[in-house]
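Everything below belongs to entry_7.cif, which stores mmCIF, C-alpha atoms.
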data_model
#
loop_
_atom_site.label_atom_id
_atom_site.label_comp_id
_atom_site.auth_asym_id
_atom_site.auth_seq_id
_atom_site.Cartn_x
_atom_site.Cartn_y
_atom_site.Cartn_z
CA PRO A 1 0.00 0.00 0.00
CA ARG A 2 1.14 3.54 -0.73
CA PRO A 3 2.03 5.78 2.22
CA PRO A 4 -0.49 8.49 2.99
CA PRO A 5 0.31 11.91 1.48
CA PRO A 6 1.80 14.52 3.84
CA PRO A 7 -0.69 16.96 5.33
CA ARG A 8 -1.03 20.28 3.59
CA ARG A 9 0.24 23.37 5.35
CA SER A 10 -2.50 25.86 5.85
CA THR A 11 -1.43 29.49 5.70
CA PRO A 12 -2.34 31.38 8.86
CA PRO A 13 -4.99 34.06 8.42
CA PRO A 14 -3.75 37.66 8.48
CA ARG A 15 -3.86 39.38 11.83
CA LYS A 16 -6.18 42.27 12.41
CA ASP A 17 -3.29 44.38 13.70
CA ASP A 18 -1.44 44.05 10.39
CA LYS A 19 -4.58 44.95 8.46
CA ASP A 20 -5.28 47.98 10.60
CA SER A 21 -1.68 49.22 10.58
CA GLY A 22 -1.33 49.04 6.81
CA GLY A 23 -1.69 52.04 4.54
CA GLY A 24 -0.24 54.66 6.88
CA GLY A 25 -1.03 55.97 10.33
CA GLY A 26 -4.34 57.55 9.32
CA SER A 27 -5.98 54.34 8.10
CA GLY A 28 -4.68 52.44 11.12
CA SER A 29 -6.16 54.92 13.58
CA GLN A 30 -9.43 55.01 11.65
CA GLY A 31 -9.59 51.20 11.71
CA SER A 32 -9.00 51.17 15.46
CA HIS A 33 -11.78 53.74 15.91
CA GLU A 34 -14.14 51.57 13.89
CA GLU A 35 -13.35 48.54 16.04
CA ASP A 36 -13.90 50.54 19.23
CA VAL A 37 -17.16 52.01 17.98
CA LYS A 38 -18.54 48.61 17.00
CA ARG A 39 -18.15 47.51 20.62
CA MET A 40 -20.01 50.54 21.93
CA LYS A 41 -23.68 50.57 22.79
CA ILE A 42 -26.13 52.76 20.92
CA SER A 43 -26.79 54.79 24.05
CA GLU A 44 -23.06 55.43 24.51
CA MET A 45 -22.67 56.64 20.95
CA ARG A 46 -25.67 58.94 21.30
CA GLN A 47 -24.30 60.40 24.53
CA MET A 48 -20.93 61.02 22.88
CA LEU A 49 -22.50 62.79 19.92
CA GLN A 50 -24.75 64.90 22.16
CA ALA A 51 -21.75 65.87 24.30
CA HIS A 52 -20.15 67.38 21.16
CA LYS A 53 -23.35 69.12 20.03
CA ILE A 54 -24.24 66.61 17.30
CA ASP A 55 -27.86 65.54 16.97
CA PRO A 56 -27.92 61.69 16.96
CA ARG A 57 -31.54 61.61 15.76
CA LYS A 58 -30.45 62.17 12.17
CA CYS A 59 -28.80 58.74 12.25
CA LEU A 60 -31.61 56.30 11.42
CA THR A 61 -29.60 53.07 11.59
CA ARG A 62 -26.80 51.76 13.75
CA LYS A 63 -24.42 51.90 10.77
CA GLU A 64 -25.07 55.61 10.33
CA LEU A 65 -24.59 56.13 14.05
CA GLU A 66 -21.29 54.26 13.95
CA ASP A 67 -20.06 56.26 10.94
CA GLU A 68 -20.93 59.54 12.65
CA THR A 69 -19.14 58.47 15.84
CA VAL A 70 -16.03 57.38 13.92
CA ALA A 71 -15.96 60.71 12.08
CA LEU A 72 -16.22 62.52 15.42
CA LEU A 73 -13.35 60.54 16.92
CA ASN A 74 -11.20 61.24 13.87
CA ARG A 75 -11.88 64.97 14.15
CA LEU A 76 -11.01 64.93 17.84
CA LYS A 77 -7.76 63.09 17.17
CA HIS A 78 -6.85 65.54 14.41
CA LYS A 79 -7.45 68.49 16.77
CA ALA A 80 -5.39 66.86 19.52
CA ASP A 81 -2.48 66.24 17.12
CA ALA A 82 -2.66 69.83 15.87
CA LYS A 83 -2.56 71.18 19.45
CA LEU A 84 0.41 68.97 20.25
CA LYS A 85 2.34 70.19 17.20
CA GLN A 86 1.48 73.80 18.00
CA ALA A 87 2.71 73.40 21.56
CA GLN A 88 5.93 71.86 20.29
CA ARG A 89 6.48 74.76 17.86
CA GLU A 90 5.90 77.26 20.66
CA ARG A 91 8.43 75.49 22.89
CA GLU A 92 11.00 75.50 20.10
CA ALA A 93 10.38 79.20 19.46
CA LYS A 94 10.88 80.00 23.16
CA ASP A 95 14.07 77.95 23.25
CA LYS A 96 15.38 79.82 20.21
CA ASP A 97 14.52 83.19 21.76
CA ARG A 98 16.28 82.32 25.03
CA ALA A 99 19.32 80.98 23.18
CA THR A 100 19.50 84.10 21.00
CA GLN A 101 19.22 86.42 24.01
CA ARG A 102 22.01 84.60 25.87
CA ALA A 103 24.18 84.59 22.74
CA VAL A 104 23.73 88.33 22.23
CA GLU A 105 24.75 89.07 25.82
CA LEU A 106 27.73 86.69 25.65
CA VAL A 107 29.10 88.01 22.36
CA GLN A 108 28.57 91.65 23.36
CA ARG A 109 30.64 91.14 26.51
CA TRP A 110 33.34 89.38 24.48
CA ALA A 111 33.53 91.94 21.64
CA LYS A 112 33.21 95.05 23.80
CA GLY A 113 36.24 97.32 23.38
CA LYS A 114 38.07 94.95 21.00
CA THR A 115 39.37 95.90 17.58
CA LEU A 116 39.19 93.67 14.53
CA ARG A 117 42.76 92.54 15.11
CA GLN A 118 41.97 91.45 18.67
CA LEU A 119 38.77 89.67 17.63
CA LEU A 120 40.61 87.75 14.93
CA ASN A 121 43.29 86.64 17.39
CA CYS A 122 40.54 85.29 19.64
CA VAL A 123 38.72 83.52 16.80
CA HIS A 124 41.87 81.78 15.59
CA GLY A 125 43.01 80.96 19.12
CA TYR A 126 46.40 82.60 18.75
CA ARG A 127 48.49 82.51 21.97
CA GLY A 128 45.69 80.86 23.90
CA GLU A 129 43.07 83.54 23.32
CA THR A 130 39.48 82.29 22.99
CA CYS A 131 36.12 83.36 21.66
CA PRO A 132 32.58 82.16 22.48
CA LEU A 133 32.86 79.60 19.66
CA SER A 134 36.26 78.16 20.58
CA GLU A 135 34.85 74.96 22.10
CA ALA A 136 32.45 74.39 19.21
CA ILE A 137 35.24 74.88 16.66
CA ALA A 138 37.54 72.50 18.54
CA LYS A 139 34.85 69.77 18.54
CA ARG A 140 34.66 69.69 14.77
CA LYS A 141 35.74 66.48 13.09
CA PRO A 142 38.86 66.45 10.88
CA GLN A 143 38.06 67.65 7.38
CA ASN A 144 40.91 65.88 5.51
CA ASN A 145 42.62 62.51 5.35
CA THR A 146 45.60 63.56 7.46
CA GLY A 147 43.52 63.53 10.66
CA LYS A 148 44.22 67.21 11.34
CA ASN A 149 41.50 69.75 11.95
CA VAL A 150 41.76 72.12 9.00
CA TRP A 151 39.61 74.70 10.79
CA ARG A 152 42.30 75.57 13.34
CA GLY A 153 44.04 78.82 12.62
CA VAL A 154 45.12 80.50 9.41
CA SER A 155 48.27 78.41 9.20
CA GLU A 156 49.98 75.88 11.44
CA LYS A 157 53.45 77.08 10.45
CA GLY A 158 54.93 79.59 12.85
CA ASP A 159 53.17 82.15 15.00
CA HIS A 160 50.66 84.25 13.07
CA TYR A 161 49.62 86.40 16.01
CA LEU A 162 48.34 89.75 14.75
CA GLY A 163 50.31 92.33 16.65
CA VAL A 164 49.85 96.07 16.78
CA GLN A 165 52.06 96.51 13.73
CA ALA A 166 50.21 93.86 11.70
CA SER A 167 49.73 94.81 8.05
CA SER A 168 46.35 95.28 6.45
CA LYS A 169 47.09 92.34 4.15
CA SER A 170 47.65 89.92 7.04
CA ILE A 171 44.53 91.21 8.83
CA LEU A 172 42.45 90.76 5.67
CA LYS A 173 43.77 87.22 5.25
CA ALA A 174 42.95 86.34 8.85
CA TYR A 175 39.51 87.94 8.45
CA LYS A 176 38.63 85.79 5.42
CA LYS A 177 39.75 82.64 7.22
CA ALA A 178 37.78 83.66 10.30
CA LEU A 179 34.57 83.95 8.27
CA VAL A 180 34.94 80.29 7.34
CA LEU A 181 35.53 79.38 10.97
CA ILE A 182 32.54 81.16 12.46
CA HIS A 183 30.01 81.04 9.64
CA PRO A 184 26.64 79.92 11.08
CA ASP A 185 26.19 77.33 8.30
CA LYS A 186 29.21 75.45 9.66
CA PHE A 187 27.37 74.57 12.88
CA ASP A 188 24.42 72.37 13.73
CA LEU A 189 21.24 74.38 13.28
CA ASN A 190 19.42 72.15 15.77
CA ASP A 191 21.82 73.30 18.49
CA TYR A 192 20.14 76.62 19.19
CA ALA A 193 22.79 77.91 21.60
CA THR A 194 25.76 77.28 19.28
CA SER A 195 23.92 78.43 16.17
CA ALA A 196 22.83 81.69 17.83
CA THR A 197 26.35 82.27 19.19
CA ALA A 198 27.82 81.72 15.72
CA THR A 199 25.35 84.19 14.21
CA GLU A 200 26.14 86.90 16.76
CA THR A 201 29.91 86.29 16.52
CA PHE A 202 29.68 86.53 12.74
CA LYS A 203 27.86 89.86 13.08
CA ALA A 204 30.39 91.21 15.58
CA VAL A 205 33.40 90.34 13.39
CA ASN A 206 31.75 91.86 10.30
CA ALA A 207 30.91 95.04 12.23
CA ALA A 208 34.51 95.31 13.40
CA TYR A 209 35.70 94.78 9.83
CA SER A 210 33.45 97.59 8.61
CA ASP A 211 35.01 99.96 11.15
CA PHE A 212 38.50 98.78 10.21
CA SER A 213 37.80 99.20 6.50
CA ASN A 214 36.42 102.72 6.94
CA LYS A 215 39.43 103.82 9.00
CA HIS A 216 41.84 102.22 6.53
CA HIS A 217 40.29 104.00 3.54
CA ARG A 218 40.31 107.33 5.38
#
When written as structure tokens, how does the structure in this file appear?
Amino acid sequence: PRPPPPPRRSTPPPRKDDKDSGGGGGSGSQGSHEEDVKRMKISEMRQMLQAHKIDPRKCLTRKELEDETVALLNRLKHKADAKLKQAQREREAKDKDRATQRAVELVQRWAKGKTLRQLLNCVHGYRGETCPLSEAIAKRKPQNNTGKNVWRGVSEKGDHYLGVQASSKSILKAYKKALVLIHPDKFDLNDYATSATATETFKAVNAAYSDFSNKHHR
């Protein structure tokens, strides 16, 4: 006698969770609302609609009552999500305002009474001088294959400290290099404190350069 054939493997039926979660978050949430509403009593659905100023008497069948309740729940969820996003935007705006205010005060104290030459020495870190962005510049990753940080200083050969007798050419060269160092686009925009500090430092150096350029032309 022939041996009996092996039993056929039956494919498991798809889960309801997979069906509800498919097609994006909106369809999944709507499907979950429909499942919840189907388990509700007619009196509960009518009370919910009346609580939100919707007349349940216009729904003649249970299906119409369920559809109206699902639509209400979807509107409520949409409003809740919108409020949550609005609150998050307001928190981010407040964080940016506080970071900008602190950056303005910090940079003003740093740049007060300094000439362009002194500001450039601080930006490039010559002879141990620092600026509000020194730590952020030092944390940058190496930009070339040699493992060196190409954003440190105008040149690594010799001491390029800008003294009192520094020429306009050397100051202009250091100024152009400094703009690359402190440009706001070089920093993480999501870091509000560093980004605001870079913006204010950039403004302070440009303002000092305008004064230097006017005096030099005169």
Picked residues, the PyMOL selection byres ((chain A and resi 161-165) around 9), as a VMD selection string: chain A and resid 117 to 118 120 to 121 126 to 127 159 to 160 166 to 167 170 to 171 174
Two-atom distance - atom CA of A:Ile54, atom CA of A:Thr69 (Å): 9.7 Å
Computed interatomic separation between atom CA of A:Gln108 and atom CA of A:Ala208 (Å):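 It comes out at 12.2 Å.
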Spatial neighbours of A:Leu49, max dist 12 Å, all atoms listed in the file, sep filter under 3 positions, as a PyMOL selection string: chain A and resi 42-46+52-59+65-73+76
Selection near A:Thr100, 8 Å with all atoms listed in the file, sequence-local residues under 2 positions removed, as a list in words: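 That gives Lys96, Asp97, Arg98, Arg102, Ala103, Val104, Tyr192, Ala193, Ala196 and Thr197 of chain A.
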How would the residues just picked look written out with C-alpha atoms as an mmCIF file, in the frame of the given file?
data_model
loop_
_atom_site.group_PDB
_atom_site.id
_atom_site.type_symbol
_atom_site.label_atom_id
_atom_site.label_comp_id
_atom_site.auth_asym_id
_atom_site.auth_seq_id
_atom_site.Cartn_x
_atom_site.Cartn_y
_atom_site.Cartn_z
ATOM 1 C CA LYS A 96 15.380 79.820 20.210
ATOM 2 C CA ASP A 97 14.520 83.190 21.760
ATOM 3 C CA ARG A 98 16.280 82.320 25.030
ATOM 4 C CA ARG A 102 22.010 84.600 25.870
ATOM 5 C CA ALA A 103 24.180 84.590 22.740
ATOM 6 C CA VAL A 104 23.730 88.330 22.230
ATOM 7 C CA TYR A 192 20.140 76.620 19.190
ATOM 8 C CA ALA A 193 22.790 77.910 21.600
ATOM 9 C CA ALA A 196 22.830 81.690 17.830
ATOM 10 C CA THR A 197 26.350 82.270 19.190
#
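The two atoms in question, atom CA of A:Glu35 and atom CA of A:Gln86, are spaced 29.4 Å apart.
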